[in-house]
Structure formats: C-alpha cells, structure tokens
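Text of work-v4.txt (compact mmCIF, C-alpha atoms) as supplied:
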# COMPACT_ATOMS: atom_id res chain seq x y z
CA GLU U 15 -10.01 -29.15 2.02
CA PRO U 16 -6.29 -29.35 1.23
CA GLU U 17 -5.22 -32.23 -0.98
CA VAL U 18 -2.18 -33.75 -2.61
CA THR U 19 -1.94 -32.99 -6.32
CA GLN U 20 0.09 -34.77 -8.99
CA THR U 21 1.08 -33.92 -12.54
CA PRO U 22 0.82 -35.12 -15.18
CA SER U 23 -2.15 -37.44 -14.82
CA HIS U 24 -0.79 -39.61 -17.62
CA GLN U 25 2.75 -39.79 -19.01
CA VAL U 26 3.75 -41.82 -22.05
CA THR U 27 7.45 -42.28 -22.72
CA GLN U 28 9.85 -44.37 -24.76
CA MET U 29 11.99 -46.99 -23.05
CA GLY U 30 15.31 -45.51 -21.97
CA GLN U 31 13.97 -41.98 -21.60
CA GLU U 32 14.00 -40.01 -18.37
CA VAL U 33 10.74 -39.00 -16.73
CA ILE U 34 9.96 -36.69 -13.85
CA LEU U 35 6.72 -37.11 -11.95
CA ARG U 36 5.60 -34.16 -9.91
CA CYS U 37 3.68 -33.87 -6.69
CA VAL U 38 2.55 -30.98 -4.52
CA PRO U 39 2.02 -32.31 -0.98
CA ILE U 40 -0.31 -30.72 1.55
CA SER U 41 1.40 -27.52 2.64
CA ASN U 42 2.00 -28.12 6.35
CA HIS U 43 3.03 -31.76 5.97
CA LEU U 44 6.59 -32.80 6.71
CA TYR U 45 6.83 -36.38 5.41
CA PHE U 46 6.52 -37.34 1.78
CA TYR U 47 6.21 -40.68 0.04
CA TRP U 48 6.09 -42.31 -3.35
CA TYR U 49 4.26 -45.55 -4.06
CA ARG U 50 3.60 -47.43 -7.24
CA GLN U 51 0.87 -49.80 -8.34
CA ILE U 52 1.40 -52.02 -11.34
CA LEU U 53 -1.90 -52.77 -13.05
CA GLY U 54 -3.79 -55.44 -11.12
CA GLN U 55 -1.23 -55.63 -8.33
CA LYS U 56 -0.75 -54.27 -4.81
CA VAL U 57 0.33 -50.76 -3.99
CA GLU U 58 4.06 -50.92 -3.23
CA PHE U 59 6.14 -48.54 -1.14
CA LEU U 60 9.03 -46.89 -2.98
CA VAL U 61 10.52 -44.21 -0.75
CA SER U 62 9.91 -41.87 2.16
CA PHE U 63 11.46 -38.42 2.44
CA TYR U 64 11.89 -36.10 5.39
CA ASN U 65 14.00 -33.05 6.09
CA ASN U 66 15.34 -33.01 2.55
CA GLU U 67 16.66 -36.52 2.59
CA ILE U 68 15.50 -40.06 2.00
CA SER U 69 14.48 -41.68 5.27
CA GLU U 70 13.66 -45.10 3.89
CA LYS U 71 13.53 -46.82 0.53
CA SER U 72 12.42 -50.19 -0.73
CA GLU U 73 14.37 -52.66 -2.85
CA ILE U 74 12.42 -51.39 -5.86
CA PHE U 75 13.96 -47.93 -5.46
CA ASP U 76 17.27 -48.61 -7.18
CA ASP U 77 19.81 -46.26 -8.73
CA GLN U 78 17.44 -45.46 -11.58
CA PHE U 79 15.16 -43.62 -9.16
CA SER U 80 15.72 -40.36 -7.34
CA VAL U 81 13.58 -37.93 -5.39
CA GLU U 82 13.91 -34.24 -4.80
CA ARG U 83 12.14 -31.37 -3.15
CA PRO U 84 13.48 -28.62 -5.32
CA ASP U 85 11.60 -25.65 -3.91
CA GLY U 86 9.52 -25.90 -0.79
CA SER U 87 6.33 -27.06 -2.46
CA ASN U 88 7.09 -29.62 -5.16
CA PHE U 89 8.22 -33.19 -4.52
CA THR U 90 9.49 -35.04 -7.57
CA LEU U 91 10.27 -38.61 -8.55
CA LYS U 92 12.75 -39.04 -11.38
CA ILE U 93 13.27 -42.26 -13.29
CA ARG U 94 16.54 -41.94 -15.15
CA SER U 95 16.20 -44.56 -17.87
CA THR U 96 12.73 -46.03 -17.99
CA LYS U 97 12.09 -49.72 -18.55
CA LEU U 98 8.93 -51.42 -19.74
CA GLU U 99 8.35 -52.77 -16.24
CA ASP U 100 8.23 -49.22 -14.84
CA SER U 101 4.76 -48.86 -16.37
CA ALA U 102 2.46 -48.35 -13.40
CA MET U 103 0.41 -45.81 -11.44
CA TYR U 104 2.66 -43.73 -9.23
CA PHE U 105 1.10 -42.25 -6.11
CA CYS U 106 2.53 -39.47 -4.01
CA ALA U 107 1.46 -39.15 -0.37
CA SER U 108 2.21 -36.83 2.51
CA SER U 109 1.68 -36.88 6.26
CA PRO U 110 1.96 -34.23 8.98
CA GLY U 111 4.29 -36.37 11.08
CA THR U 112 5.02 -39.87 12.23
CA GLY U 113 3.88 -39.80 15.83
CA ILE U 114 1.72 -42.39 17.54
CA GLY U 115 -1.44 -40.34 17.13
CA THR U 116 -3.34 -41.38 14.02
CA SER U 117 -4.00 -37.76 13.10
CA THR U 118 -0.28 -37.09 12.76
CA ASN U 119 0.70 -40.17 10.81
CA GLU U 120 -2.23 -40.35 8.43
CA GLN U 121 -0.99 -40.37 4.86
CA PHE U 122 -2.99 -38.52 2.25
CA PHE U 123 -2.67 -39.77 -1.30
CA GLY U 124 -2.68 -37.89 -4.55
CA PRO U 125 -4.72 -39.04 -7.56
CA GLY U 126 -1.71 -40.69 -9.18
CA THR U 127 0.24 -40.44 -12.43
CA ARG U 128 -0.20 -43.25 -14.90
CA LEU U 129 3.19 -43.93 -16.50
CA THR U 130 3.23 -45.92 -19.72
CA VAL U 131 6.62 -46.99 -21.07
CA LEU U 132 6.61 -48.08 -24.72
CA LYS B 21 8.43 -60.50 6.04
CA ASN B 22 5.60 -58.02 6.59
CA GLN B 23 2.47 -59.14 4.78
CA VAL B 24 -1.18 -58.22 4.54
CA GLU B 25 -3.55 -60.74 3.00
CA GLN B 26 -7.14 -60.03 2.03
CA SER B 27 -10.10 -62.16 1.12
CA PRO B 28 -12.05 -62.55 -0.99
CA GLN B 29 -10.22 -61.15 -4.02
CA SER B 30 -13.50 -60.03 -5.52
CA LEU B 31 -17.12 -59.88 -4.56
CA ILE B 32 -20.41 -59.15 -6.33
CA ILE B 33 -23.37 -58.06 -4.24
CA LEU B 34 -26.81 -56.67 -4.93
CA GLU B 35 -27.57 -53.08 -4.06
CA GLY B 36 -28.93 -52.81 -0.52
CA LYS B 37 -27.21 -55.98 0.72
CA ASN B 38 -24.44 -56.19 3.31
CA CYS B 39 -20.98 -57.67 2.90
CA THR B 40 -17.88 -58.33 4.97
CA LEU B 41 -14.28 -58.20 3.78
CA GLN B 42 -11.43 -59.92 5.64
CA CYS B 43 -7.83 -58.95 6.32
CA ASN B 44 -5.02 -60.91 8.01
CA TYR B 45 -1.67 -59.33 8.69
CA THR B 46 1.82 -60.16 9.89
CA VAL B 47 3.40 -56.74 10.27
CA SER B 48 5.82 -55.69 12.94
CA PRO B 49 5.99 -53.32 14.64
CA PHE B 50 2.26 -52.67 14.41
CA SER B 51 1.02 -49.13 14.81
CA ASN B 52 -2.41 -48.99 13.26
CA LEU B 53 -4.58 -50.58 10.60
CA ARG B 54 -6.45 -48.68 7.94
CA TRP B 55 -9.05 -49.50 5.41
CA TYR B 56 -8.89 -47.53 2.18
CA LYS B 57 -11.34 -47.27 -0.69
CA GLN B 58 -9.76 -47.01 -4.12
CA ASP B 59 -11.84 -46.16 -7.14
CA THR B 60 -10.44 -47.33 -10.47
CA GLY B 61 -7.58 -45.10 -11.60
CA ARG B 62 -7.65 -43.00 -8.43
CA GLY B 63 -5.61 -42.76 -5.26
CA PRO B 64 -6.64 -44.57 -2.08
CA VAL B 65 -8.96 -42.68 0.28
CA SER B 66 -8.97 -43.52 3.97
CA LEU B 67 -12.18 -44.97 5.46
CA THR B 68 -11.12 -45.95 8.99
CA ILE B 69 -8.00 -46.07 11.13
CA MET B 70 -7.71 -48.28 14.20
CA THR B 71 -4.94 -48.50 16.75
CA PHE B 72 -3.98 -51.53 18.81
CA SER B 73 -6.52 -50.76 21.54
CA GLU B 74 -9.52 -50.21 19.29
CA ASN B 75 -11.81 -53.12 18.44
CA THR B 76 -14.29 -51.41 16.18
CA LYS B 77 -14.72 -48.16 14.33
CA SER B 78 -17.47 -46.90 12.07
CA ASN B 79 -17.61 -44.38 9.26
CA GLY B 80 -21.16 -44.11 8.01
CA ARG B 81 -22.12 -47.44 6.47
CA TYR B 82 -18.58 -48.80 6.90
CA THR B 83 -17.67 -50.62 10.12
CA ALA B 84 -14.20 -51.98 10.71
CA THR B 85 -13.17 -54.43 13.42
CA LEU B 86 -9.72 -55.31 14.69
CA ASP B 87 -8.52 -58.30 16.70
CA ALA B 88 -4.91 -57.50 17.50
CA ASP B 89 -4.40 -60.88 19.18
CA THR B 90 -5.25 -62.88 16.07
CA LYS B 91 -4.05 -60.11 13.74
CA GLN B 92 -7.28 -60.01 11.85
CA SER B 93 -9.52 -57.20 10.70
CA SER B 94 -12.79 -56.99 8.85
CA LEU B 95 -14.67 -54.28 7.00
CA HIS B 96 -18.45 -54.51 6.95
CA ILE B 97 -20.45 -52.55 4.39
CA THR B 98 -24.09 -52.06 5.32
CA ALA B 99 -26.88 -51.45 2.83
CA SER B 100 -24.53 -51.27 -0.13
CA GLN B 101 -24.93 -48.61 -2.79
CA LEU B 102 -23.79 -48.57 -6.40
CA SER B 103 -21.12 -46.02 -5.41
CA ASP B 104 -19.56 -48.60 -3.11
CA SER B 105 -18.19 -50.37 -6.19
CA ALA B 106 -14.42 -50.04 -5.71
CA SER B 107 -11.38 -51.86 -4.36
CA TYR B 108 -11.08 -51.94 -0.58
CA ILE B 109 -7.55 -52.14 0.67
CA CYS B 110 -6.37 -53.13 4.13
CA VAL B 111 -3.16 -51.34 5.09
CA VAL B 112 -1.00 -51.71 8.19
CA LEU B 113 1.26 -48.97 9.43
CA SER B 114 4.63 -49.55 11.07
CA ILE B 115 6.11 -46.57 12.84
CA LYS B 116 9.84 -46.14 12.73
CA ALA B 117 12.00 -43.26 13.87
CA ALA B 118 12.83 -42.11 10.36
CA GLY B 119 9.35 -42.35 8.95
CA ASN B 120 6.34 -44.55 8.84
CA LYS B 121 5.79 -47.34 6.38
CA LEU B 122 2.54 -48.69 5.01
CA THR B 123 2.15 -52.34 3.98
CA PHE B 124 -0.73 -52.82 1.58
CA GLY B 125 -2.99 -55.79 1.05
CA GLY B 126 -3.97 -56.82 -2.45
CA GLY B 127 -7.46 -55.44 -2.01
CA THR B 128 -10.94 -56.83 -2.45
CA ARG B 129 -12.72 -55.65 -5.57
CA VAL B 130 -16.38 -55.06 -4.77
CA LEU B 131 -19.00 -54.72 -7.47
CA VAL B 132 -22.47 -53.61 -6.42
CA LYS B 133 -25.18 -54.46 -8.93
CA PRO B 134 -28.63 -52.90 -9.10
Structure encoded using structure tokens:
Amino acid sequence: EPEVTQTPSHQVTQMGQEVILRCVPISNHLYFYWYRQILGQKVEFLVSFYNNEISEKSEIFDDQFSVERPDGSNFTLKIRSTKLEDSAMYFCASSPGTGIGTSTNEQFFGPGTRLTVL
Amino acid sequence: KNQVEQSPQSLIILEGKNCTLQCNYTVSPFSNLRWYKQDTGRGPVSLTIMTFSENTKSNGRYTATLDADTKQSSLHITASQLSDSASYICVVLSIKAAGNKLTFGGGTRVLVKP
C-alpha cells in the first residue's frame, strides 16, 4: 500500500542552523501539508501546498519557514535559522484532492521527523 | 476560533474492557470528523471518518458516533487489547477552495493494562 515517507527520522541541529526536512508524498496525490507536534502538545497545522504554491499557512509559518517541491516527488520544509522552540515532531501529509467526498480529502500522514534544536 | 476539545486527557483500562472517549468541537465550516490513532513517536493513522449526515461508523472494535447538532463525537473501544495503547485524536476537517484544513484535538492517551 502506498505511504508517505519522511527523512530523516531524527535531526539534531544547533540553534541558528538551517535544516531541510524531506517528504515523499503518495504519488498520485495533489495536496501536501506540513504539521508539527511539540512534545506533549496538539498537532498543529503549518502549511498546505497545491499546484506549486502555498494555498494556506498558519501564524506559526513565519518567514523562517519555506516549502518547496523541487522535483515532482519530494516535498521539503526548510527552517532557515532554527530556534530552540522549533524542536518538535514534523509530520508531512498528502491527500488526493479536497472535494466533499471523504476518499478525496483524506490526508495520509508520514511517520514524522523528530527535530531537536540544541 | 476553531477548537476541538477531548476528554478525558488520559485513561487506564484493563485488557478486555470497553471505554469511550469524548470530543467536542467548534469548527466552521464543518466537513467531516475523523478519529486517528497515534502510537508514540509515529504519525497519526485514520480510524474512522464521518460526514455531517453520518451518526455512527465502525472499524473493527472501534465505533465512532457523531451528533452534528450538539457538535459532539465519541469513540468507543470494545474489548480492548494491549495494542490499543496509544493516543486517540479527534480531528475536524474544514474544506476551503484552496485546500482543506485539519483542526486537531489534544488527544486522549489510553493505556491498556493486562
């Protein structure tokens, strides 16, 4: 069964460094998402991406964050200058579409990347 | 502000027993409500999805209910197994033209003991 994959599974970085988290969505999906979950807290929406542009972003997704679909398969989240509070699990998700039917708007989640900022 | 609240925060049950988790939401526009199971350190996995017109949906030993009038949902786990130990997250979907948006509850952490 197709699944969303993410690399690396765990990333440790120094404060102020740039990190790139990578995701390979399910191949025929058109909508892509990033979420984060700080330890012990709710999953929070960061950004949605469609047709090579951001369709929606949350207040968390500030100028330090950017997303890209550089080749037709990867979907990346870049944090330009990491802060201690960026430490969290980052989940990528994809969905076939956004229609009313639940089969088209179901989001499938990857296993996550644990980011630790020291 | 869109919110999803879950109760209880955590729950310990004995293997073989049943339990019910609660979810209240204030999300607009409402498209559907999902229950996810999240094992520690893993991504959420969908258990059930219910639209406005559905009152109940089952997936094996998991049964979800939805009351769209009172904006409440529940997830019932029957004959719990040790593998049911996880966080159960209630999530509401809003559909917008540019993409859909999920609002997550804080989850109920369930621990099943032998």
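In terms of minimum interatomic distance to Ser93 (chain B), B:Met70 ranks closest within B:Ile115, B:Leu34, B:Cys39, B:Met70, counting all atoms listed in the file.
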message: Taking 2 positions as the minimum chain separation for residues in the same chain, which residues sit within 10 Å of Ile52 (chain U) when counting all atoms listed in the file? Answer as JSON, numbers by chain.
response: {"U": [50, 54, 55, 56, 57, 58, 99, 100, 101, 102, 103, 104, 128, 129]}
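Take the candidates U:Asn119, U:Thr130, U:Gln78, U:Asn88 and check each one against chain B using only C-alpha atoms; the shortest distance goes to U:Asn119.
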task: Please return, as a PyMOL selection string, all residues of chain U lying within 6 Å of chain B when only C-alpha atoms are considered.
output: chain U and resi 56+69+112+123-126
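Between CA of Leu60 (chain U) and CA of Tyr45 (chain U) the interatomic distance comes to 13.6 Å.
Here CA of Gln28 (chain U) stands at a distance of 19.5 Å from CA of Asp76 (chain U).
A straight line drawn from CA of Gly30 (chain U) to CA of Val61 (chain U) is 21.8 Å long.
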field: Shell around Thr60 (chain B) at 10 Å using only C-alpha atoms, local window under 5 positions removed, as a PyMOL selection string
entry: chain B and resi 105-107+129
Could you complete region 43-66 of chain U so that it carries N, CA and C atoms, and give it back as a PDB file, in the frame of the given file?
ATOM      1  N   HIS U  43       2.538 -30.413   5.713  1.00  0.00           N
ATOM      2  CA  HIS U  43       3.030 -31.760   5.970  1.00  0.00           C
ATOM      3  C   HIS U  43       4.546 -31.794   5.886  1.00  0.00           C
ATOM      4  N   LEU U  44       5.134 -32.737   6.626  1.00  0.00           N
ATOM      5  CA  LEU U  44       6.590 -32.800   6.710  1.00  0.00           C
ATOM      6  C   LEU U  44       7.177 -34.075   6.094  1.00  0.00           C
ATOM      7  N   TYR U  45       6.345 -35.085   5.903  1.00  0.00           N
ATOM      8  CA  TYR U  45       6.830 -36.380   5.410  1.00  0.00           C
ATOM      9  C   TYR U  45       6.177 -36.650   4.057  1.00  0.00           C
ATOM     10  N   PHE U  46       6.985 -37.149   3.135  1.00  0.00           N
ATOM     11  CA  PHE U  46       6.520 -37.340   1.780  1.00  0.00           C
ATOM     12  C   PHE U  46       6.902 -38.737   1.314  1.00  0.00           C
ATOM     13  N   TYR U  47       6.055 -39.282   0.440  1.00  0.00           N
ATOM     14  CA  TYR U  47       6.210 -40.680   0.040  1.00  0.00           C
ATOM     15  C   TYR U  47       5.869 -40.848  -1.438  1.00  0.00           C
ATOM     16  N   TRP U  48       6.506 -41.845  -2.033  1.00  0.00           N
ATOM     17  CA  TRP U  48       6.090 -42.310  -3.350  1.00  0.00           C
ATOM     18  C   TRP U  48       5.770 -43.797  -3.261  1.00  0.00           C
ATOM     19  N   TYR U  49       4.683 -44.155  -3.938  1.00  0.00           N
ATOM     20  CA  TYR U  49       4.260 -45.550  -4.060  1.00  0.00           C
ATOM     21  C   TYR U  49       3.992 -45.821  -5.525  1.00  0.00           C
ATOM     22  N   ARG U  50       4.019 -47.088  -5.891  1.00  0.00           N
ATOM     23  CA  ARG U  50       3.600 -47.430  -7.240  1.00  0.00           C
ATOM     24  C   ARG U  50       2.643 -48.613  -7.187  1.00  0.00           C
ATOM     25  N   GLN U  51       1.820 -48.693  -8.219  1.00  0.00           N
ATOM     26  CA  GLN U  51       0.870 -49.800  -8.340  1.00  0.00           C
ATOM     27  C   GLN U  51       0.858 -50.266  -9.781  1.00  0.00           C
ATOM     28  N   ILE U  52       1.483 -51.397 -10.021  1.00  0.00           N
ATOM     29  CA  ILE U  52       1.400 -52.020 -11.340  1.00  0.00           C
ATOM     30  C   ILE U  52      -0.018 -52.532 -11.532  1.00  0.00           C
ATOM     31  N   LEU U  53      -0.505 -52.416 -12.748  1.00  0.00           N
ATOM     32  CA  LEU U  53      -1.900 -52.770 -13.050  1.00  0.00           C
ATOM     33  C   LEU U  53      -2.264 -54.147 -12.502  1.00  0.00           C
ATOM     34  N   GLY U  54      -3.298 -54.174 -11.673  1.00  0.00           N
ATOM     35  CA  GLY U  54      -3.790 -55.440 -11.120  1.00  0.00           C
ATOM     36  C   GLY U  54      -3.020 -55.940  -9.909  1.00  0.00           C
ATOM     37  N   GLN U  55      -2.031 -55.167  -9.455  1.00  0.00           N
ATOM     38  CA  GLN U  55      -1.230 -55.630  -8.330  1.00  0.00           C
ATOM     39  C   GLN U  55      -1.366 -54.684  -7.128  1.00  0.00           C
ATOM     40  N   LYS U  56      -0.694 -55.057  -6.030  1.00  0.00           N
ATOM     41  CA  LYS U  56      -0.750 -54.270  -4.810  1.00  0.00           C
ATOM     42  C   LYS U  56      -0.039 -52.932  -4.963  1.00  0.00           C
ATOM     43  N   VAL U  57      -0.445 -51.982  -4.134  1.00  0.00           N
ATOM     44  CA  VAL U  57       0.330 -50.760  -3.990  1.00  0.00           C
ATOM     45  C   VAL U  57       1.638 -51.114  -3.274  1.00  0.00           C
ATOM     46  N   GLU U  58       2.741 -50.597  -3.795  1.00  0.00           N
ATOM     47  CA  GLU U  58       4.060 -50.920  -3.230  1.00  0.00           C
ATOM     48  C   GLU U  58       4.764 -49.629  -2.806  1.00  0.00           C
ATOM     49  N   PHE U  59       5.383 -49.677  -1.653  1.00  0.00           N
ATOM     50  CA  PHE U  59       6.140 -48.540  -1.140  1.00  0.00           C
ATOM     51  C   PHE U  59       7.441 -48.397  -1.943  1.00  0.00           C
ATOM     52  N   LEU U  60       7.764 -47.163  -2.300  1.00  0.00           N
ATOM     53  CA  LEU U  60       9.030 -46.890  -2.980  1.00  0.00           C
ATOM     54  C   LEU U  60      10.010 -46.184  -2.036  1.00  0.00           C
ATOM     55  N   VAL U  61       9.571 -45.039  -1.495  1.00  0.00           N
ATOM     56  CA  VAL U  61      10.520 -44.210  -0.750  1.00  0.00           C
ATOM     57  C   VAL U  61       9.766 -43.252   0.166  1.00  0.00           C
ATOM     58  N   SER U  62      10.410 -42.923   1.277  1.00  0.00           N
ATOM     59  CA  SER U  62       9.910 -41.870   2.160  1.00  0.00           C
ATOM     60  C   SER U  62      10.989 -40.795   2.284  1.00  0.00           C
ATOM     61  N   PHE U  63      10.555 -39.571   2.520  1.00  0.00           N
ATOM     62  CA  PHE U  63      11.460 -38.420   2.440  1.00  0.00           C
ATOM     63  C   PHE U  63      11.098 -37.455   3.553  1.00  0.00           C
ATOM     64  N   TYR U  64      12.116 -37.022   4.292  1.00  0.00           N
ATOM     65  CA  TYR U  64      11.890 -36.100   5.390  1.00  0.00           C
ATOM     66  C   TYR U  64      13.121 -35.227   5.555  1.00  0.00           C
ATOM     67  N   ASN U  65      12.891 -33.972   5.818  1.00  0.00           N
ATOM     68  CA  ASN U  65      14.000 -33.050   6.090  1.00  0.00           C
ATOM     69  C   ASN U  65      15.024 -33.071   4.968  1.00  0.00           C
ATOM     70  N   ASN U  66      14.513 -33.081   3.755  1.00  0.00           N
ATOM     71  CA  ASN U  66      15.340 -33.010   2.550  1.00  0.00           C
ATOM     72  C   ASN U  66      16.259 -34.197   2.325  1.00  0.00           C
TER      73      ASN U  66
END
